[in-house]
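Below is my_file30.cif, which holds mmCIF, C-alpha atoms.
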```
data_my_file
#
loop_
_atom_site.group_PDB
_atom_site.id
_atom_site.type_symbol
_atom_site.label_atom_id
_atom_site.label_comp_id
_atom_site.auth_asym_id
_atom_site.auth_seq_id
_atom_site.Cartn_x
_atom_site.Cartn_y
_atom_site.Cartn_z
ATOM 1 C CA MET A 1 102.184 29.668 58.093
ATOM 2 C CA LYS A 2 101.063 28.293 54.740
ATOM 3 C CA ASN A 3 97.583 26.872 54.431
ATOM 4 C CA LYS A 4 98.072 23.191 53.680
ATOM 5 C CA TYR A 5 94.461 22.627 52.654
ATOM 6 C CA PHE A 6 93.361 22.740 49.010
ATOM 7 C CA ASP A 7 91.735 26.028 48.057
ATOM 8 C CA PRO A 8 89.826 25.638 44.737
ATOM 9 C CA ASP A 9 89.618 29.429 44.293
ATOM 10 C CA ASN A 10 93.415 29.752 44.247
ATOM 11 C CA PHE A 11 94.035 26.597 42.233
ATOM 12 C CA LYS A 12 95.980 27.189 39.023
ATOM 13 C CA VAL A 13 96.602 24.526 36.419
ATOM 14 C CA ASN A 14 99.877 24.747 34.568
ATOM 15 C CA LYS A 15 99.183 24.847 30.876
ATOM 16 C CA THR A 16 101.940 22.970 29.102
ATOM 17 C CA CYS A 17 100.587 22.627 25.547
ATOM 18 C CA ARG A 18 101.192 25.446 23.104
ATOM 19 C CA MET A 19 98.869 26.127 20.182
ATOM 20 C CA GLY A 20 99.209 28.699 17.463
ATOM 21 C CA PHE A 21 97.296 30.078 14.503
ATOM 22 C CA ARG A 22 97.746 32.746 11.883
ATOM 23 C CA ALA A 23 95.677 35.921 11.744
ATOM 24 C CA THR A 24 95.703 39.200 9.886
ATOM 25 C CA GLN A 25 96.850 42.299 11.712
ATOM 26 C CA GLN A 26 93.259 43.570 11.825
ATOM 27 C CA GLU A 27 92.084 40.245 13.319
ATOM 28 C CA GLN A 28 94.836 40.472 15.929
ATOM 29 C CA ILE A 29 93.773 43.984 16.897
ATOM 30 C CA THR A 30 90.115 42.897 17.117
ATOM 31 C CA ILE A 31 90.962 39.847 19.265
ATOM 32 C CA GLN A 32 93.165 41.919 21.586
ATOM 33 C CA ALA A 33 90.438 44.549 21.971
ATOM 34 C CA LYS A 34 87.774 41.943 22.747
ATOM 35 C CA ALA A 35 90.059 40.183 25.249
ATOM 36 C CA GLN A 36 90.795 43.482 26.960
ATOM 37 C CA ALA A 37 87.076 44.363 27.073
ATOM 38 C CA CYS A 38 86.460 41.031 28.850
ATOM 39 C CA GLY A 39 89.338 41.615 31.248
ATOM 40 C CA LYS A 40 91.177 38.534 30.013
ATOM 41 C CA SER A 41 94.486 37.790 28.403
ATOM 42 C CA VAL A 42 94.397 36.999 24.689
ATOM 43 C CA SER A 43 95.171 33.340 25.473
ATOM 44 C CA GLU A 44 92.378 33.070 28.032
ATOM 45 C CA TYR A 45 89.911 34.855 25.724
ATOM 46 C CA ILE A 46 90.675 32.545 22.780
ATOM 47 C CA ARG A 47 90.531 29.474 25.049
ATOM 48 C CA CYS A 48 87.111 30.507 26.392
ATOM 49 C CA CYS A 49 85.780 31.198 22.890
ATOM 50 C CA ALA A 50 87.082 27.919 21.470
ATOM 51 C CA ILE A 51 86.018 25.688 24.363
ATOM 52 C CA GLY A 52 82.606 27.330 24.741
ATOM 53 C CA HIS A 53 81.851 27.200 21.005
ATOM 54 C CA LYS A 54 79.362 24.573 19.842
ATOM 55 C CA PRO A 55 79.925 23.967 16.129
ATOM 56 C CA LYS A 56 76.995 23.304 13.866
ATOM 57 C CA LEU A 57 77.221 19.696 12.782
ATOM 58 C CA ARG A 58 76.948 18.816 9.125
ATOM 59 C CA MET A 59 74.080 16.691 7.891
ATOM 60 C CA THR A 60 74.726 13.032 7.249
ATOM 61 C CA ARG A 61 73.995 11.655 3.788
ATOM 62 C CA SER A 62 70.705 10.123 4.996
ATOM 63 C CA GLN A 63 69.668 13.414 6.637
ATOM 64 C CA ALA A 64 70.420 15.284 3.405
ATOM 65 C CA GLN A 65 68.316 12.790 1.434
ATOM 66 C CA ALA A 66 65.513 13.173 3.974
ATOM 67 C CA TYR A 67 65.727 16.956 3.617
ATOM 68 C CA ILE A 68 65.438 16.667 -0.172
ATOM 69 C CA SER A 69 62.430 14.357 0.221
ATOM 70 C CA ILE A 70 60.766 16.841 2.556
ATOM 71 C CA SER A 71 61.285 19.577 -0.046
ATOM 72 C CA GLU A 72 59.765 17.389 -2.756
ATOM 73 C CA ALA A 73 56.798 16.486 -0.553
ATOM 74 C CA ARG A 74 56.283 20.175 0.192
ATOM 75 C CA GLY A 75 56.243 20.842 -3.547
ATOM 76 C CA ASP A 76 53.617 18.123 -4.043
ATOM 77 C CA LEU A 77 51.437 19.636 -1.336
ATOM 78 C CA ILE A 78 51.734 23.086 -2.901
ATOM 79 C CA HIS A 79 50.632 21.672 -6.282
ATOM 80 C CA ILE A 80 47.597 20.071 -4.639
ATOM 81 C CA LYS A 81 46.715 23.295 -2.819
ATOM 82 C CA ASN A 82 47.066 25.344 -6.000
ATOM 83 C CA ALA A 83 44.931 22.904 -7.981
ATOM 84 C CA LEU A 84 42.167 23.054 -5.362
ATOM 85 C CA ASN A 85 42.362 26.840 -5.114
ATOM 86 C CA ALA A 86 42.022 27.117 -8.890
ATOM 87 C CA MET A 87 38.691 25.220 -8.785
ATOM 88 C CA ASN A 88 35.500 26.974 -7.950
ATOM 89 C CA GLN A 89 33.466 25.702 -4.989
ATOM 90 C CA GLU A 90 31.043 23.742 -7.172
ATOM 91 C CA ASN A 91 33.876 21.800 -8.894
ATOM 92 C CA ARG A 92 35.552 21.055 -5.551
ATOM 93 C CA VAL A 93 32.324 19.596 -4.180
ATOM 94 C CA ARG A 94 31.855 17.557 -7.349
ATOM 95 C CA CYS A 95 35.425 16.191 -7.203
ATOM 96 C CA PHE A 96 35.248 15.228 -3.552
ATOM 97 C CA ALA A 97 31.885 13.579 -4.099
ATOM 98 C CA ASP A 98 33.364 11.426 -6.906
ATOM 99 C CA PRO A 99 34.532 8.027 -5.501
ATOM 100 C CA TYR A 100 37.238 7.632 -8.200
ATOM 101 C CA PHE A 101 38.700 11.059 -7.374
ATOM 102 C CA MET A 102 38.592 10.321 -3.647
ATOM 103 C CA ARG A 103 40.388 6.952 -4.082
ATOM 104 C CA ARG A 104 43.166 8.717 -6.029
ATOM 105 C CA TRP A 105 43.257 11.527 -3.486
ATOM 106 C CA ILE A 106 43.537 9.130 -0.540
ATOM 107 C CA SER A 107 46.143 7.030 -2.367
ATOM 108 C CA SER A 108 48.282 10.108 -3.035
ATOM 109 C CA ALA A 109 47.874 11.351 0.527
ATOM 110 C CA ASN A 110 48.857 7.923 1.870
ATOM 111 C CA LYS A 111 52.032 7.972 -0.245
ATOM 112 C CA LEU A 112 52.959 11.331 1.248
ATOM 113 C CA ILE A 113 52.205 10.123 4.782
ATOM 114 C CA LYS A 114 54.266 6.968 4.240
ATOM 115 C CA ARG A 115 57.199 9.015 2.932
ATOM 116 C CA TRP A 116 56.969 11.398 5.899
ATOM 117 C CA ARG A 117 57.185 8.397 8.260
ATOM 118 C CA GLU A 118 60.276 7.122 6.417
ATOM 119 C CA ILE A 119 61.867 10.541 6.678
ATOM 120 C CA GLU A 120 61.035 10.732 10.369
ATOM 121 C CA ARG A 121 62.643 7.325 10.976
ATOM 122 C CA THR A 122 65.737 8.385 9.035
ATOM 123 C CA LEU A 123 66.146 11.556 11.074
ATOM 124 C CA THR A 124 65.647 9.855 14.433
ATOM 125 C CA GLU A 125 68.067 6.966 13.840
#
```
As a first step, turn the structure in this file into C-alpha cells.
Amino acid sequence: MKNKYFDPDNFKVNKTCRMGFRATQQEQITIQAKAQACGKSVSEYIRCCAIGHKPKLRMTRSQAQAYISISEARGDLIHIKNALNAMNQENRVRCFADPYFMRRWISSANKLIKRWREIERTLTE
C-alpha cells in the first residue's frame, strides 16, 4: 500500500527550465571532478555553487566618492603626522603653545571631522 502522506525526505521537484553555458574542456573536466568529489551530478553541483554564491556588490557612485575622500583625508593626516615627527620636542611644544597655531590646527581638524561625518552619512544611506 502506498503511503498517501507527504514525505519531505522523498519529495522531488521536477526541474523544467534548462540553462546552458560554454566552458573549455579543462573547465569541464575540473567541474566534473569537483561534482564527483562532492557526490553530486554536474547539474546539482553547478546549481549549488550558483545558488549559494554571494556576489560582491559594486560600489555606488556616492560610495566611490566617499572612498576617494577617505583616501584624501588619510593623506592629510599622514602629512600632519610627518610634519610633527619632523619637529623636535621643543618646537612641538612651542607650536602647540601658540594660540594662532592651535586655532589653525583645530580648524583643520574640524574640517577633517566634518568630512568624515559626511562620508559616514553617505555610506549609511
Nearest candidate to Met59 (chain A) (options A:Val13, A:Leu123, A:Ile78, A:Cys95; using only C-alpha atoms): A:Leu123
Given the file shown, determine the residues that the PyMOL selection byres ((chain A and resi 44-52) around 12) selects; report them as a PyMOL selection string. chain A and resi 15+18-21+28+30-43+53-55
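Atom pair CA of Arg58 (chain A) / CA of Lys111 (chain A): separated by 28.7 Å.
Note on the selection: in this file the PyMOL selection byres ((chain A and resi 66) around 12) comes out as Met59, Thr60, Arg61, Ser62, Gln63, Ala64, Gln65, Tyr67, Ile68, Ser69, Ile70, Ser71, Glu72, Ala73, Arg115, Trp116, Arg117, Glu118, Ile119, Glu120, Arg121, Thr122, Leu123, Thr124 and Glu125 of chain A.
Using all atoms listed in the file for every distance, the candidate list A:Leu77, A:Cys17, A:Gln89, A:Gln26 yields A:Leu77 as the residue closest to Trp105 (chain A).
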For Arg92 (chain A), please output as an NGL selection string all residues within 12 Å (counting only C-alpha atoms; exclusion window: fewer than 5 positions along the same chain). :A and (81 or 83-87 or 97-98 or 101-102)
Output C-alpha atoms for every residue in the selection just made, as a PDB file, in the coordinates of the input.
```
ATOM      1  CA  LYS A  81      46.715  23.295  -2.819  1.00  0.00           C
ATOM      2  CA  ALA A  83      44.931  22.904  -7.981  1.00  0.00           C
ATOM      3  CA  LEU A  84      42.167  23.054  -5.362  1.00  0.00           C
ATOM      4  CA  ASN A  85      42.362  26.840  -5.114  1.00  0.00           C
ATOM      5  CA  ALA A  86      42.022  27.117  -8.890  1.00  0.00           C
ATOM      6  CA  MET A  87      38.691  25.220  -8.785  1.00  0.00           C
ATOM      7  CA  ALA A  97      31.885  13.579  -4.099  1.00  0.00           C
ATOM      8  CA  ASP A  98      33.364  11.426  -6.906  1.00  0.00           C
ATOM      9  CA  PHE A 101      38.700  11.059  -7.374  1.00  0.00           C
ATOM     10  CA  MET A 102      38.592  10.321  -3.647  1.00  0.00           C
TER      11      MET A 102
END
```
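When CA of Ala109 (chain A) is paired with CA of Asp76 (chain A), their separation reads 10.0 Å.
For the pair CA of Ser107 (chain A) and CA of His79 (chain A), the separation is 15.8 Å.
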Enclose region 105-116 of chain A, meaning all of its atoms listed in the file, in a box aligned along x, y and z, pad it by 6 Å on each side, and list the centre and edge lengths in Å to one decimal, as lines of an AutoDock Vina configuration file.
```
center_x = 50.2
center_y = 9.2
center_z = 1.2
size_x = 25.9
size_y = 16.6
size_z = 21.4
```
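Counting all atoms listed in the file and comparing A:Ile29, A:Ala23, A:Asn14, A:Leu112, the residue that lies closest to Gly75 (chain A) is A:Leu112.
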Only C-alpha atoms needed: put region 12-59 of chain A from the block into a file as an mmCIF file, in the first residue's frame.
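Below you can see result_30.cif, which holds the result:
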```
data_model
loop_
_atom_site.group_PDB
_atom_site.id
_atom_site.type_symbol
_atom_site.label_atom_id
_atom_site.label_comp_id
_atom_site.auth_asym_id
_atom_site.auth_seq_id
_atom_site.Cartn_x
_atom_site.Cartn_y
_atom_site.Cartn_z
ATOM 1 C CA LYS A 12 11.465 15.652 -5.644
ATOM 2 C CA VAL A 13 10.766 18.807 -7.598
ATOM 3 C CA ASN A 14 10.668 18.448 -11.348
ATOM 4 C CA LYS A 15 13.105 20.874 -12.867
ATOM 5 C CA THR A 16 11.655 22.129 -16.121
ATOM 6 C CA CYS A 17 13.956 25.043 -17.013
ATOM 7 C CA ARG A 18 17.132 24.316 -18.927
ATOM 8 C CA MET A 19 20.202 26.533 -18.673
ATOM 9 C CA GLY A 20 23.462 26.249 -20.521
ATOM 10 C CA PHE A 21 26.893 27.840 -20.634
ATOM 11 C CA ARG A 22 30.122 27.387 -22.519
ATOM 12 C CA ALA A 23 33.318 26.106 -20.929
ATOM 13 C CA THR A 24 36.726 24.942 -22.041
ATOM 14 C CA GLN A 25 37.475 21.243 -21.989
ATOM 15 C CA GLN A 26 39.759 21.739 -18.980
ATOM 16 C CA GLU A 27 36.981 23.614 -17.127
ATOM 17 C CA GLN A 28 34.573 20.785 -17.922
ATOM 18 C CA ILE A 29 36.986 18.202 -16.539
ATOM 19 C CA THR A 30 37.533 20.292 -13.386
ATOM 20 C CA ILE A 31 33.779 20.772 -12.833
ATOM 21 C CA GLN A 32 33.085 17.061 -13.361
ATOM 22 C CA ALA A 33 35.853 16.107 -10.925
ATOM 23 C CA LYS A 34 34.593 18.515 -8.259
ATOM 24 C CA ALA A 35 30.997 17.312 -8.707
ATOM 25 C CA GLN A 36 32.119 13.708 -8.384
ATOM 26 C CA ALA A 37 34.172 14.525 -5.265
ATOM 27 C CA CYS A 38 31.006 16.011 -3.712
ATOM 28 C CA GLY A 39 28.925 13.011 -4.735
ATOM 29 C CA LYS A 40 26.666 15.144 -6.915
ATOM 30 C CA SER A 41 25.722 15.295 -10.545
ATOM 31 C CA VAL A 42 27.286 18.106 -12.563
ATOM 32 C CA SER A 43 23.892 19.856 -12.715
ATOM 33 C CA GLU A 44 23.362 19.629 -8.961
ATOM 34 C CA TYR A 45 26.939 20.771 -8.254
ATOM 35 C CA ILE A 46 26.631 23.828 -10.522
ATOM 36 C CA ARG A 47 23.188 24.648 -9.083
ATOM 37 C CA CYS A 48 24.537 24.503 -5.516
ATOM 38 C CA CYS A 49 27.547 26.662 -6.408
ATOM 39 C CA ALA A 50 25.463 29.258 -8.247
ATOM 40 C CA ILE A 51 22.639 29.493 -5.706
ATOM 41 C CA GLY A 52 24.970 29.501 -2.698
ATOM 42 C CA HIS A 53 27.289 32.137 -4.189
ATOM 43 C CA LYS A 54 27.042 35.652 -2.763
ATOM 44 C CA PRO A 55 28.479 38.073 -5.321
ATOM 45 C CA LYS A 56 30.448 41.068 -4.177
ATOM 46 C CA LEU A 57 28.365 44.122 -4.935
ATOM 47 C CA ARG A 58 29.906 47.035 -6.768
ATOM 48 C CA MET A 59 30.211 50.398 -5.076
#
```
